[in-house]
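Visitor: Have a peek at run.tsv (TSV, C-alpha atoms).
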chain	number	residue	atom	x	y	z
X	1	MET	CA	-19.36	-4.38	-33.64
X	2	HIS	CA	-20.03	-6.05	-30.29
X	3	PHE	CA	-16.89	-4.38	-28.94
X	4	LEU	CA	-18.17	-0.95	-30.06
X	5	GLY	CA	-21.19	-1.44	-27.82
X	6	GLU	CA	-18.88	-2.36	-24.91
X	7	LEU	CA	-16.66	0.65	-25.62
X	8	ILE	CA	-19.68	2.99	-25.61
X	9	LEU	CA	-20.79	1.58	-22.23
X	10	ILE	CA	-17.28	1.87	-20.76
X	11	LEU	CA	-16.76	5.46	-21.94
X	12	LEU	CA	-20.20	6.63	-20.79
X	13	THR	CA	-19.88	4.96	-17.39
X	14	THR	CA	-16.33	6.15	-16.73
X	15	VAL	CA	-17.31	9.74	-17.59
X	16	LEU	CA	-20.47	9.71	-15.46
X	17	LEU	CA	-18.90	8.03	-12.42
X	18	GLY	CA	-15.76	10.13	-12.81
X	19	GLN	CA	-17.89	13.28	-12.78
X	20	LEU	CA	-19.86	12.01	-9.76
X	21	PHE	CA	-16.69	11.48	-7.73
X	22	ALA	CA	-15.24	14.81	-8.88
X	23	ARG	CA	-18.40	16.52	-7.59
X	24	PHE	CA	-17.59	15.17	-4.12
X	25	ASN	CA	-13.97	16.38	-4.42
X	26	LEU	CA	-12.69	12.82	-4.85
X	27	PRO	CA	-10.32	11.68	-7.64
X	28	ALA	CA	-12.27	10.98	-10.84
X	29	VAL	CA	-10.07	7.93	-11.39
X	30	ILE	CA	-11.89	6.12	-8.55
X	31	GLY	CA	-15.13	6.42	-10.50
X	32	GLN	CA	-13.39	5.04	-13.58
X	33	LEU	CA	-12.12	2.05	-11.60
X	34	LEU	CA	-15.55	1.40	-10.10
X	35	SER	CA	-17.15	1.57	-13.55
X	36	GLY	CA	-15.37	-1.66	-14.46
X	37	ILE	CA	-16.59	-3.33	-11.25
X	38	LEU	CA	-20.15	-2.12	-11.97
X	39	LEU	CA	-20.21	-3.27	-15.62
X	40	GLY	CA	-18.23	-6.48	-15.10
X	41	PRO	CA	-18.91	-9.93	-13.59
X	42	ALA	CA	-18.86	-8.52	-10.04
X	43	ILE	CA	-22.23	-6.68	-10.36
X	44	LEU	CA	-24.11	-6.18	-13.66
X	45	ASN	CA	-22.19	-8.79	-15.70
X	46	TRP	CA	-22.69	-6.81	-18.91
X	47	ILE	CA	-19.03	-6.79	-20.00
X	48	HIS	CA	-16.37	-9.46	-19.59
X	49	PRO	CA	-12.60	-9.06	-19.99
X	50	ASN	CA	-11.56	-9.89	-23.55
X	51	ASP	CA	-8.60	-9.56	-25.89
X	52	ILE	CA	-9.72	-6.26	-27.49
X	53	ILE	CA	-10.37	-4.58	-24.14
X	54	SER	CA	-6.99	-5.87	-22.90
X	55	LEU	CA	-5.30	-4.43	-26.00
X	56	PHE	CA	-6.90	-1.02	-25.47
X	57	SER	CA	-6.02	-1.26	-21.76
X	58	GLU	CA	-2.36	-2.05	-22.45
X	59	PHE	CA	-2.12	0.86	-24.87
X	60	GLY	CA	-3.82	3.06	-22.28
X	61	VAL	CA	-1.27	2.36	-19.55
X	62	ILE	CA	1.59	2.90	-22.02
X	63	LEU	CA	0.16	6.30	-23.00
X	64	LEU	CA	-0.43	7.15	-19.34
X	65	MET	CA	3.18	6.49	-18.41
X	66	PHE	CA	4.41	8.26	-21.55
X	67	LEU	CA	2.47	11.33	-20.41
X	68	ALA	CA	3.92	10.95	-16.89
X	69	GLY	CA	7.39	11.05	-18.43
X	70	LEU	CA	6.44	14.14	-20.45
X	71	GLU	CA	5.36	15.91	-17.26
X	72	SER	CA	8.36	14.87	-15.17
X	73	ASP	CA	11.10	17.26	-14.15
X	74	LEU	CA	14.37	15.42	-14.85
X	75	ASP	CA	16.39	17.68	-12.56
X	76	LEU	CA	14.11	16.74	-9.66
X	77	LEU	CA	14.35	13.05	-10.60
X	78	LYS	CA	18.15	13.28	-10.49
X	79	LYS	CA	18.03	15.19	-7.22
X	80	TYR	CA	15.90	12.51	-5.53
X	81	PHE	CA	17.46	9.41	-7.09
X	82	LYS	CA	18.92	8.16	-3.79
X	83	LEU	CA	15.54	8.63	-2.12
X	84	SER	CA	13.74	6.88	-5.01
X	85	PHE	CA	16.13	3.94	-4.88
X	86	THR	CA	15.75	3.63	-1.09
X	87	VAL	CA	11.94	3.85	-1.20
X	88	ALA	CA	11.82	1.29	-4.01
X	89	SER	CA	14.25	-1.13	-2.33
X	90	VAL	CA	12.45	-1.09	1.02
X	91	GLY	CA	9.13	-1.20	-0.86
X	92	VAL	CA	10.15	-4.47	-2.53
X	93	ILE	CA	11.64	-6.10	0.56
X	94	LEU	CA	8.74	-5.44	2.98
X	95	PRO	CA	5.93	-6.95	0.85
X	96	VAL	CA	8.04	-10.01	0.00
X	97	VAL	CA	8.81	-10.60	3.69
X	98	PHE	CA	5.46	-9.65	5.25
X	99	MET	CA	3.17	-11.17	2.64
X	100	GLY	CA	5.40	-14.17	2.12
X	101	LEU	CA	5.27	-14.99	5.84
X	102	ALA	CA	1.50	-14.39	5.96
X	103	SER	CA	0.96	-16.72	2.98
X	104	TYR	CA	3.07	-19.39	4.69
X	105	PHE	CA	0.93	-18.94	7.82
X	106	PHE	CA	-2.18	-19.56	5.68
X	107	GLY	CA	-0.79	-22.93	4.55
X	108	MET	CA	1.22	-22.18	1.41
X	109	LYS	CA	4.45	-24.01	0.68
X	110	PRO	CA	7.64	-21.92	1.13
X	111	LEU	CA	8.19	-21.28	-2.60
X	112	GLU	CA	4.49	-20.54	-3.14
X	113	ALA	CA	4.49	-18.10	-0.22
X	114	LEU	CA	7.63	-16.40	-1.54
X	115	PHE	CA	6.11	-15.97	-4.99
X	116	ILE	CA	2.93	-14.43	-3.54
X	117	GLY	CA	5.19	-11.90	-1.80
X	118	ILE	CA	6.81	-11.15	-5.16
X	119	VAL	CA	3.37	-10.56	-6.73
X	120	PHE	CA	2.90	-7.61	-4.38
X	121	ALA	CA	6.47	-6.26	-4.65
X	122	ALA	CA	5.90	-4.01	-7.66
X	123	THR	CA	4.10	-0.66	-7.51
X	124	SER	CA	1.74	0.50	-10.25
X	125	VAL	CA	2.17	4.26	-10.25
X	126	SER	CA	-0.24	4.93	-13.13
X	127	ILE	CA	-3.25	5.55	-10.87
X	128	SER	CA	-1.19	7.65	-8.45
X	129	VAL	CA	-0.07	9.74	-11.43
X	130	VAL	CA	-3.67	10.62	-12.26
X	131	VAL	CA	-4.47	11.56	-8.64
X	132	LEU	CA	-1.30	13.67	-8.44
X	133	GLN	CA	-2.15	15.36	-11.74
X	134	GLU	CA	-5.68	16.19	-10.60
X	135	ALA	CA	-4.31	17.68	-7.36
X	136	ASN	CA	-1.44	19.55	-9.12
X	137	GLN	CA	1.08	17.58	-7.06
X	138	LEU	CA	2.96	15.75	-9.82
X	139	HIS	CA	5.77	18.33	-9.94
X	140	THR	CA	6.30	18.49	-6.18
X	141	ARG	CA	9.24	16.64	-4.65
X	142	ALA	CA	6.82	14.07	-3.19
X	143	GLY	CA	5.31	13.48	-6.64
X	144	THR	CA	8.75	13.23	-8.21
X	145	ALA	CA	9.90	10.80	-5.51
X	146	ILE	CA	6.86	8.59	-6.22
X	147	LEU	CA	7.57	8.55	-9.96
X	148	GLY	CA	11.26	7.81	-9.51
X	149	ALA	CA	10.62	5.13	-6.88
X	150	ALA	CA	8.00	3.45	-9.06
X	151	VAL	CA	10.42	3.17	-11.99
X	152	VAL	CA	13.18	1.70	-9.78
X	153	ASP	CA	10.56	-0.45	-8.01
X	154	ASP	CA	9.47	-2.01	-11.31
X	155	ILE	CA	13.05	-2.84	-12.26
X	156	LEU	CA	13.77	-4.39	-8.84
X	157	ALA	CA	10.55	-6.42	-9.00
X	158	VAL	CA	11.58	-7.80	-12.39
X	159	VAL	CA	15.01	-8.71	-10.98
X	160	VAL	CA	13.41	-10.47	-7.99
X	161	LEU	CA	11.00	-12.33	-10.29
X	162	SER	CA	13.92	-13.37	-12.52
X	163	LEU	CA	15.88	-14.58	-9.48
X	164	PHE	CA	12.92	-16.60	-8.24
X	165	THR	CA	12.14	-18.30	-11.53
X	166	THR	CA	15.84	-18.96	-12.20
X	167	PHE	CA	16.82	-20.44	-8.85
X	168	SER	CA	13.54	-22.26	-8.17
X	169	HIS	CA	13.74	-23.85	-11.66
X	170	GLU	CA	10.09	-22.96	-12.16
X	171	GLY	CA	8.22	-20.48	-14.28
X	172	GLY	CA	10.15	-20.97	-17.51
X	173	LYS	CA	11.88	-18.07	-19.22
X	174	SER	CA	11.40	-14.77	-17.35
X	175	GLY	CA	13.57	-12.62	-19.63
X	176	LEU	CA	15.05	-12.66	-23.12
X	177	THR	CA	17.06	-15.81	-22.37
X	178	ASN	CA	17.05	-18.62	-19.80
X	179	ASN	CA	20.25	-17.25	-18.25
X	180	PHE	CA	19.53	-14.85	-15.38
X	181	PHE	CA	22.89	-13.06	-15.49
X	182	LEU	CA	22.72	-12.66	-19.27
X	183	ASN	CA	19.22	-11.17	-18.85
X	184	ILE	CA	20.58	-8.63	-16.36
X	185	LEU	CA	23.38	-7.72	-18.79
X	186	ILE	CA	20.85	-7.26	-21.61
X	187	GLU	CA	18.71	-5.03	-19.39
X	188	ILE	CA	21.77	-2.93	-18.50
X	189	VAL	CA	22.51	-2.55	-22.23
X	190	TYR	CA	18.88	-1.44	-22.69
X	191	PHE	CA	19.37	1.42	-20.22
X	192	VAL	CA	22.60	2.44	-21.94
X	193	VAL	CA	20.66	2.64	-25.22
X	194	VAL	CA	17.95	4.66	-23.43
X	195	TRP	CA	20.61	7.15	-22.35
X	196	VAL	CA	21.91	7.43	-25.95
X	197	ILE	CA	18.35	8.02	-27.20
X	198	PHE	CA	17.80	10.62	-24.48
X	199	LYS	CA	21.02	12.55	-25.18
X	200	PHE	CA	21.39	12.30	-28.95
X	201	ILE	CA	18.64	10.51	-30.88
X	202	ALA	CA	15.44	12.08	-29.47
X	203	PRO	CA	16.38	15.75	-30.21
X	204	TYR	CA	17.47	14.89	-33.77
X	205	PHE	CA	14.44	12.63	-34.32
X	206	MET	CA	12.01	15.36	-33.25
X	207	LYS	CA	13.71	17.97	-35.47
X	208	VAL	CA	13.33	15.66	-38.48
X	209	SER	CA	9.69	14.95	-37.57
X	210	GLU	CA	9.00	18.69	-37.46
X	211	LYS	CA	10.24	19.13	-41.03
X	212	ILE	CA	7.91	16.46	-42.47
X	213	SER	CA	4.91	18.03	-44.24
X	214	VAL	CA	2.30	15.72	-42.72
X	215	ASP	CA	-0.33	16.68	-40.16
X	216	TYR	CA	0.75	15.86	-36.60
X	217	SER	CA	4.12	14.55	-37.81
X	218	VAL	CA	5.74	15.62	-34.52
X	219	VAL	CA	3.14	13.68	-32.51
X	220	ILE	CA	3.49	10.63	-34.74
X	221	GLY	CA	7.27	10.80	-34.43
X	222	SER	CA	7.11	11.01	-30.64
X	223	LEU	CA	4.74	8.04	-30.46
X	224	VAL	CA	6.96	5.99	-32.76
X	225	LEU	CA	9.93	6.69	-30.48
X	226	ALA	CA	8.04	6.02	-27.24
X	227	LEU	CA	6.30	2.87	-28.47
X	228	THR	CA	9.61	1.53	-29.78
X	229	MET	CA	11.18	2.06	-26.36
X	230	ALA	CA	8.18	0.40	-24.68
X	231	TRP	CA	8.34	-2.56	-27.07
X	232	ALA	CA	12.11	-2.90	-26.52
X	233	ALA	CA	11.66	-2.82	-22.72
X	234	ASP	CA	9.09	-5.63	-22.91
X	235	PHE	CA	11.33	-7.55	-25.33
X	236	VAL	CA	14.30	-7.60	-22.93
X	237	GLY	CA	12.15	-8.67	-19.97
X	238	LEU	CA	11.28	-5.31	-18.39
X	239	SER	CA	7.79	-3.80	-18.25
X	240	ALA	CA	6.65	-1.83	-21.30
X	241	VAL	CA	5.61	1.02	-18.97
X	242	VAL	CA	9.28	1.55	-18.08
X	243	GLY	CA	10.13	2.14	-21.74
X	244	ALA	CA	7.10	4.40	-22.21
X	245	PHE	CA	8.07	6.49	-19.18
X	246	PHE	CA	11.64	6.97	-20.44
X	247	GLY	CA	10.24	7.77	-23.90
X	248	GLY	CA	8.25	10.59	-22.32
X	249	LEU	CA	11.33	11.79	-20.44
X	250	ALA	CA	13.32	11.87	-23.69
X	251	ILE	CA	10.65	13.91	-25.50
X	252	ARG	CA	10.35	16.23	-22.48
X	253	GLN	CA	13.87	17.52	-23.17
X	254	THR	CA	12.93	18.68	-26.68
X	255	PRO	CA	11.24	21.98	-27.67
X	256	GLN	CA	8.29	20.07	-29.16
X	257	TYR	CA	7.15	18.42	-25.94
X	258	LYS	CA	4.17	20.77	-25.30
X	259	GLU	CA	2.62	19.99	-28.69
X	260	VAL	CA	3.13	16.28	-28.07
X	261	GLN	CA	1.68	16.49	-24.56
X	262	SER	CA	-1.48	18.24	-25.73
X	263	SER	CA	-2.19	15.82	-28.58
X	264	VAL	CA	-1.32	12.59	-26.75
X	265	SER	CA	-3.42	13.66	-23.75
X	266	ALA	CA	-6.41	14.03	-26.07
X	267	ILE	CA	-5.81	10.57	-27.57
X	268	GLY	CA	-5.18	8.86	-24.24
X	269	TYR	CA	-7.80	10.40	-21.98
X	270	SER	CA	-10.60	10.22	-24.55
X	271	ILE	CA	-10.44	6.46	-25.17
X	272	PHE	CA	-7.52	4.31	-24.05
X	273	ILE	CA	-6.86	5.45	-20.46
X	274	PRO	CA	-10.53	5.15	-19.34
X	275	VAL	CA	-10.58	1.61	-20.78
X	276	PHE	CA	-7.41	0.79	-18.80
X	277	PHE	CA	-9.00	1.82	-15.51
X	278	ALA	CA	-12.28	0.07	-16.31
X	279	ASP	CA	-10.39	-3.09	-17.30
X	280	ILE	CA	-8.92	-3.38	-13.79
X	281	GLY	CA	-12.45	-3.36	-12.35
X	282	LEU	CA	-13.65	-5.91	-14.92
X	283	SER	CA	-11.26	-8.48	-13.41
X	284	MET	CA	-12.99	-8.29	-10.05
X	285	THR	CA	-15.35	-10.97	-8.78
X	286	PHE	CA	-16.78	-11.77	-5.37
X	287	ALA	CA	-17.00	-15.54	-6.01
X	288	SER	CA	-14.36	-16.55	-3.44
X	289	PHE	CA	-14.88	-13.59	-1.15
X	290	PHE	CA	-16.51	-15.37	1.81
X	291	LYS	CA	-14.45	-18.56	1.54
X	292	ASP	CA	-11.12	-16.73	1.69
X	293	ILE	CA	-12.28	-13.69	3.67
X	294	TRP	CA	-9.54	-13.77	6.33
X	295	PHE	CA	-6.82	-14.38	3.76
X	296	ILE	CA	-8.14	-11.45	1.69
X	297	ILE	CA	-8.33	-9.13	4.71
X	298	ALA	CA	-4.85	-10.04	5.99
X	299	MET	CA	-3.23	-9.72	2.57
X	300	THR	CA	-4.98	-6.41	1.83
X	301	VAL	CA	-3.87	-4.87	5.13
X	302	LEU	CA	-0.27	-6.08	4.65
X	303	ALA	CA	-0.25	-4.95	1.00
X	304	VAL	CA	-1.23	-1.43	2.04
X	305	LEU	CA	0.96	-1.14	5.14
X	306	SER	CA	4.14	-2.63	3.62
X	307	LYS	CA	4.23	-0.10	0.77
X	308	PHE	CA	2.96	2.81	2.85
X	309	TRP	CA	5.55	2.31	5.61
X	310	ALA	CA	8.33	1.84	3.05
X	311	GLY	CA	7.52	5.11	1.30
X	312	LYS	CA	6.73	7.12	4.42
X	313	TYR	CA	9.70	6.26	6.62
X	314	SER	CA	12.28	6.02	3.81
X	315	SER	CA	11.38	9.53	2.58
X	316	GLU	CA	11.38	10.97	6.11
X	317	VAL	CA	14.95	9.67	6.55
X	318	PHE	CA	15.87	11.90	3.59
X	319	GLY	CA	14.40	15.01	5.22
X	320	PHE	CA	10.84	14.95	3.91
X	321	SER	CA	8.17	16.32	6.24
X	322	LYS	CA	5.59	14.04	7.83
X	323	ASN	CA	2.95	15.16	5.32
X	324	GLU	CA	5.27	14.58	2.36
X	325	GLY	CA	6.21	11.16	3.76
X	326	ASN	CA	2.53	10.24	3.99
X	327	ILE	CA	1.98	11.30	0.35
X	328	VAL	CA	4.98	9.26	-0.86
X	329	GLY	CA	3.81	6.23	1.15
X	330	ALA	CA	0.25	6.51	-0.15
X	331	GLY	CA	1.49	6.95	-3.72
X	332	MET	CA	3.32	3.61	-3.55
X	333	VAL	CA	0.32	1.54	-2.35
X	334	SER	CA	-1.33	0.80	-5.72
X	335	ARG	CA	-0.42	-2.50	-7.42
X	336	GLY	CA	-2.56	-2.50	-10.58
X	337	GLU	CA	-1.38	-3.96	-13.85
X	338	VAL	CA	2.15	-4.92	-12.74
X	339	ALA	CA	0.90	-7.21	-9.96
X	340	LEU	CA	-1.77	-8.61	-12.28
X	341	ILE	CA	0.89	-9.49	-14.84
X	342	VAL	CA	3.09	-11.22	-12.23
X	343	ALA	CA	0.06	-13.11	-10.86
X	344	GLN	CA	-0.77	-14.24	-14.39
X	345	ILE	CA	2.80	-15.54	-14.81
X	346	GLY	CA	2.40	-17.41	-11.53
X	347	ILE	CA	-0.88	-19.12	-12.42
X	348	THR	CA	0.35	-19.97	-15.92
X	349	HIS	CA	3.43	-21.75	-14.53
X	350	HIS	CA	1.73	-23.22	-11.43
X	351	LEU	CA	3.78	-21.21	-8.94
X	352	PHE	CA	0.93	-21.03	-6.42
X	353	PRO	CA	-2.39	-22.92	-5.87
X	354	GLU	CA	-5.04	-22.17	-8.49
X	355	ASP	CA	-7.80	-21.93	-5.88
X	356	ILE	CA	-6.35	-18.71	-4.40
X	357	TYR	CA	-5.83	-16.97	-7.74
X	358	SER	CA	-9.19	-15.14	-7.59
X	359	SER	CA	-8.47	-14.04	-4.02
X	360	LEU	CA	-5.07	-12.64	-5.04
X	361	ILE	CA	-6.66	-10.76	-7.96
X	362	LEU	CA	-9.27	-9.39	-5.55
X	363	VAL	CA	-6.56	-8.16	-3.15
X	364	ILE	CA	-4.70	-6.51	-6.04
X	365	ILE	CA	-7.85	-4.74	-7.22
X	366	VAL	CA	-8.92	-3.71	-3.70
X	367	THR	CA	-5.49	-2.13	-3.02
X	368	THR	CA	-5.67	-0.45	-6.42
X	369	VAL	CA	-9.16	0.93	-5.77
X	370	ILE	CA	-8.45	2.19	-2.23
X	371	SER	CA	-5.03	3.69	-3.01
X	372	PRO	CA	-6.47	6.86	-4.64
X	373	PHE	CA	-8.62	7.43	-1.53
X	374	ILE	CA	-5.57	7.14	0.72
X	375	LEU	CA	-3.42	9.36	-1.50
X	376	ASN	CA	-6.16	11.97	-1.91
X	377	HIS	CA	-6.70	12.04	1.88
X	378	PHE	CA	-3.05	12.83	2.61
X	379	ILE	CA	-2.81	15.40	-0.20
X	380	LYS	CA	-5.84	17.22	1.24
X	381	LYS	CA	-4.42	16.97	4.76
X	382	SER	CA	-1.10	18.40	3.56
X	383	LYS	CA	-2.85	21.35	1.89
X	384	GLN	CA	-4.94	22.03	4.99
X	385	ASP	CA	-1.87	21.97	7.24
X	386	THR	CA	-0.08	24.34	4.85
X	387	GLU	CA	-3.01	26.78	4.91
X	388	PHE	CA	-3.01	26.85	8.73
X	389	MET	CA	0.72	27.52	8.94
Do you think you could lay out the structure here as structure tokens?

Guide:
Amino acid sequence: MHFLGELILILLTTVLLGQLFARFNLPAVIGQLLSGILLGPAILNWIHPNDIISLFSEFGVILLMFLAGLESDLDLLKKYFKLSFTVASVGVILPVVFMGLASYFFGMKPLEALFIGIVFAATSVSISVVVLQEANQLHTRAGTAILGAAVVDDILAVVVLSLFTTFSHEGGKSGLTNNFFLNILIEIVYFVVVWVIFKFIAPYFMKVSEKISVDYSVVIGSLVLALTMAWAADFVGLSAVVGAFFGGLAIRQTPQYKEVQSSVSAIGYSIFIPVFFADIGLSMTFASFFKDIWFIIAMTVLAVLSKFWAGKYSSEVFGFSKNEGNIVGAGMVSRGEVALIVAQIGITHHLFPEDIYSSLILVIIVTTVISPFILNHFIKKSKQDTEFM
């Protein structure tokens, strides 16, 4: 019952702050993020991160990425695959190099510095998805490039993390087995199975679900398929959000996708997705802010610039306009849950000093909070420039 009280507070605060930001023509998701900071240890100290909130949060991000897959245009994803791969590759390399060197400059050992770079290699596109949805930009080529790059980015980050933990002999098992090359093979098999599900299983599965005389059988069937793919992705060492995204893509190709989209949106956006955004804010604390202020500032600036430059200049090479390049770059800035997960792996296996853990979490949350502002700014600028043309 204690959790019910926390859930009521989270839902009320996310709605009120979301509405407040929407009134000022800012993404409502920023208000939802700030609600966690307000309610958590950073300010009011009314709610602390706990297992139930984490469970709701994890389900929220899975539903969010499932919905992103449902709204994605596969033809556009195919068209911009080379761009997505380039943006993702450069977006992994730059943070590892820039933030690794900066960490070394601040006194970290070489392996510790390298791992801190890896923490910031992955992009969390879930927040960018919400901003793009609110601005009706998810189906543009910039929005599609962001989605595609984020999926490839997550896979590359997992590969880099596996390489690090394998060749540094630290961190324990980072995949299904202790053998890096066997893990890669298993992950390749996973994507082959995803293709089979996409081409053959999903259409048949949805037809069968439609014939079952149970309320919302189609929605239940789609969730079973998507959650299974998310669970399988996590099982083989990938992120569950990758499986959820591909689950949404698979359902998108079936005639039932609109019914699924409507129902899952109601489930996700009424409870689980607001808890996910609030949970990010709940992790924030200002305890080490003044002690590590220069480290926090330097890492925040590099975290933003490394992803922004990677997205902007890589997309412009492929013929995107300056405005589109800015949107792609801004959409890649957010780190969110992926970076938090990698940081948690690092602290659990002593891959970097414990006394900078809070500072790293703060940098992750700050980049996550400011990324919607940056993305919203460039979307507005692009619309204004289009109107004047």

Visitor: Set the distance at 12 Å and use all atoms listed in the file: which residues neighbour Ile356 (chain X) once local chain neighbours fewer than 3 positions away are removed? I'd like the list as a PDB file with C-alpha atoms, in the coordinates of the input.

Guide:
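And here is the file that came out, part02.pdb:
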ATOM      1  CA  SER X 103       0.960 -16.720   2.980  1.00  0.00           C
ATOM      2  CA  PHE X 106      -2.180 -19.560   5.680  1.00  0.00           C
ATOM      3  CA  GLY X 107      -0.790 -22.930   4.550  1.00  0.00           C
ATOM      4  CA  MET X 108       1.220 -22.180   1.410  1.00  0.00           C
ATOM      5  CA  GLU X 112       4.490 -20.540  -3.140  1.00  0.00           C
ATOM      6  CA  ALA X 113       4.490 -18.100  -0.220  1.00  0.00           C
ATOM      7  CA  ILE X 116       2.930 -14.430  -3.540  1.00  0.00           C
ATOM      8  CA  ALA X 287     -17.000 -15.540  -6.010  1.00  0.00           C
ATOM      9  CA  SER X 288     -14.360 -16.550  -3.440  1.00  0.00           C
ATOM     10  CA  PHE X 289     -14.880 -13.590  -1.150  1.00  0.00           C
ATOM     11  CA  LYS X 291     -14.450 -18.560   1.540  1.00  0.00           C
ATOM     12  CA  ASP X 292     -11.120 -16.730   1.690  1.00  0.00           C
ATOM     13  CA  ILE X 293     -12.280 -13.690   3.670  1.00  0.00           C
ATOM     14  CA  PHE X 295      -6.820 -14.380   3.760  1.00  0.00           C
ATOM     15  CA  ILE X 296      -8.140 -11.450   1.690  1.00  0.00           C
ATOM     16  CA  MET X 299      -3.230  -9.720   2.570  1.00  0.00           C
ATOM     17  CA  ALA X 343       0.060 -13.110 -10.860  1.00  0.00           C
ATOM     18  CA  GLY X 346       2.400 -17.410 -11.530  1.00  0.00           C
ATOM     19  CA  ILE X 347      -0.880 -19.120 -12.420  1.00  0.00           C
ATOM     20  CA  HIS X 350       1.730 -23.220 -11.430  1.00  0.00           C
ATOM     21  CA  LEU X 351       3.780 -21.210  -8.940  1.00  0.00           C
ATOM     22  CA  PHE X 352       0.930 -21.030  -6.420  1.00  0.00           C
ATOM     23  CA  PRO X 353      -2.390 -22.920  -5.870  1.00  0.00           C
ATOM     24  CA  SER X 359      -8.470 -14.040  -4.020  1.00  0.00           C
ATOM     25  CA  LEU X 360      -5.070 -12.640  -5.040  1.00  0.00           C
ATOM     26  CA  ILE X 361      -6.660 -10.760  -7.960  1.00  0.00           C
ATOM     27  CA  LEU X 362      -9.270  -9.390  -5.550  1.00  0.00           C
ATOM     28  CA  VAL X 363      -6.560  -8.160  -3.150  1.00  0.00           C
TER      29      VAL X 363
END

Visitor: Tell me, as a PyMOL selection string, which residues lie within 7 Å of His139 (chain X), counting all atoms listed in the file; anything in the same chain fewer than 4 positions away does not count.

Guide: chain X and resi 72-73+143-144

Visitor: Given the point (5.0, -9.0, 5.4) in the coordinates of this file, which residues lie within 10 Å, counting only C-alpha atoms, and how would they look as an mmCIF file with C-alpha atoms, in the frame of the given file?

Guide:
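Output below, filename out_2.cif:
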data_model
loop_
_atom_site.group_PDB
_atom_site.id
_atom_site.type_symbol
_atom_site.label_atom_id
_atom_site.label_comp_id
_atom_site.auth_asym_id
_atom_site.auth_seq_id
_atom_site.Cartn_x
_atom_site.Cartn_y
_atom_site.Cartn_z
ATOM 1 C CA ILE X 93 11.640 -6.100 0.560
ATOM 2 C CA LEU X 94 8.740 -5.440 2.980
ATOM 3 C CA PRO X 95 5.930 -6.950 0.850
ATOM 4 C CA VAL X 96 8.040 -10.010 0.000
ATOM 5 C CA VAL X 97 8.810 -10.600 3.690
ATOM 6 C CA PHE X 98 5.460 -9.650 5.250
ATOM 7 C CA MET X 99 3.170 -11.170 2.640
ATOM 8 C CA GLY X 100 5.400 -14.170 2.120
ATOM 9 C CA LEU X 101 5.270 -14.990 5.840
ATOM 10 C CA ALA X 102 1.500 -14.390 5.960
ATOM 11 C CA SER X 103 0.960 -16.720 2.980
ATOM 12 C CA GLY X 117 5.190 -11.900 -1.800
ATOM 13 C CA ALA X 298 -4.850 -10.040 5.990
ATOM 14 C CA MET X 299 -3.230 -9.720 2.570
ATOM 15 C CA VAL X 301 -3.870 -4.870 5.130
ATOM 16 C CA LEU X 302 -0.270 -6.080 4.650
ATOM 17 C CA ALA X 303 -0.250 -4.950 1.000
ATOM 18 C CA LEU X 305 0.960 -1.140 5.140
ATOM 19 C CA SER X 306 4.140 -2.630 3.620
#

Visitor: Nearest to Asn179 (chain X) among X:Thr14, X:Phe24, X:Gly237, X:Phe105, with distances taken over only C-alpha atoms: which residue is it?

Guide: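 Under the stated criterion, the closest residue is X:Gly237.
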
Visitor: Please, what distance in Å, to one decimal, runs between CA of Val189 (chain X) and CA of Thr254 (chain X)?

Guide: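 Separation of CA of Val189 (chain X) and CA of Thr254 (chain X): 23.7 Å.
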
Visitor: With a distance cut-off of 12 Å and all atoms listed in the file, select the neighbouring residues of Phe85 (chain X), excluding the residue or stretch itself and same-chain residues fewer than 2 positions from it, and output the selection as number ranges by chain.

Guide: X: 77-83, 87-92, 145-156, 310-311, 314-315, 318

Visitor: Near Pro372 (chain X), within 7 Å and counting all atoms listed in the file, which residues show up once chain neighbours fewer than 3 positions away are dropped, as JSON, numbers by chain?

Guide: {"X": [27, 30, 128, 131, 369, 375, 376]}

Visitor: Taking C-alpha atoms for each residue, export the selection above as a PDB file, keeping the file's coordinate frame.

Guide:
ATOM      1  CA  PRO X  27     -10.320  11.680  -7.640  1.00  0.00           C
ATOM      2  CA  ILE X  30     -11.890   6.120  -8.550  1.00  0.00           C
ATOM      3  CA  SER X 128      -1.190   7.650  -8.450  1.00  0.00           C
ATOM      4  CA  VAL X 131      -4.470  11.560  -8.640  1.00  0.00           C
ATOM      5  CA  VAL X 369      -9.160   0.930  -5.770  1.00  0.00           C
ATOM      6  CA  LEU X 375      -3.420   9.360  -1.500  1.00  0.00           C
ATOM      7  CA  ASN X 376      -6.160  11.970  -1.910  1.00  0.00           C
TER       8      ASN X 376
END

Visitor: Write out as a list of chain:residue names the residues lying within 12 Å of Trp195 (chain X), counting all atoms listed in the file and excluding same-chain residues fewer than 5 positions away.

Guide: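 My reading of the contact set: X:Ile188, X:Val189, X:Tyr190, X:Phe200, X:Ile201, X:Ala202, X:Met229, X:Gly243, X:Phe246, X:Gly247, X:Leu249, X:Ala250.
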
Visitor: Go ahead and dump the residues you just picked, C-alpha atoms, as an mmCIF file, in the frame of the given file.

Guide:
data_model
loop_
_atom_site.group_PDB
_atom_site.id
_atom_site.type_symbol
_atom_site.label_atom_id
_atom_site.label_comp_id
_atom_site.auth_asym_id
_atom_site.auth_seq_id
_atom_site.Cartn_x
_atom_site.Cartn_y
_atom_site.Cartn_z
ATOM 1 C CA ILE X 188 21.770 -2.930 -18.500
ATOM 2 C CA VAL X 189 22.510 -2.550 -22.230
ATOM 3 C CA TYR X 190 18.880 -1.440 -22.690
ATOM 4 C CA PHE X 200 21.390 12.300 -28.950
ATOM 5 C CA ILE X 201 18.640 10.510 -30.880
ATOM 6 C CA ALA X 202 15.440 12.080 -29.470
ATOM 7 C CA MET X 229 11.180 2.060 -26.360
ATOM 8 C CA GLY X 243 10.130 2.140 -21.740
ATOM 9 C CA PHE X 246 11.640 6.970 -20.440
ATOM 10 C CA GLY X 247 10.240 7.770 -23.900
ATOM 11 C CA LEU X 249 11.330 11.790 -20.440
ATOM 12 C CA ALA X 250 13.320 11.870 -23.690
#
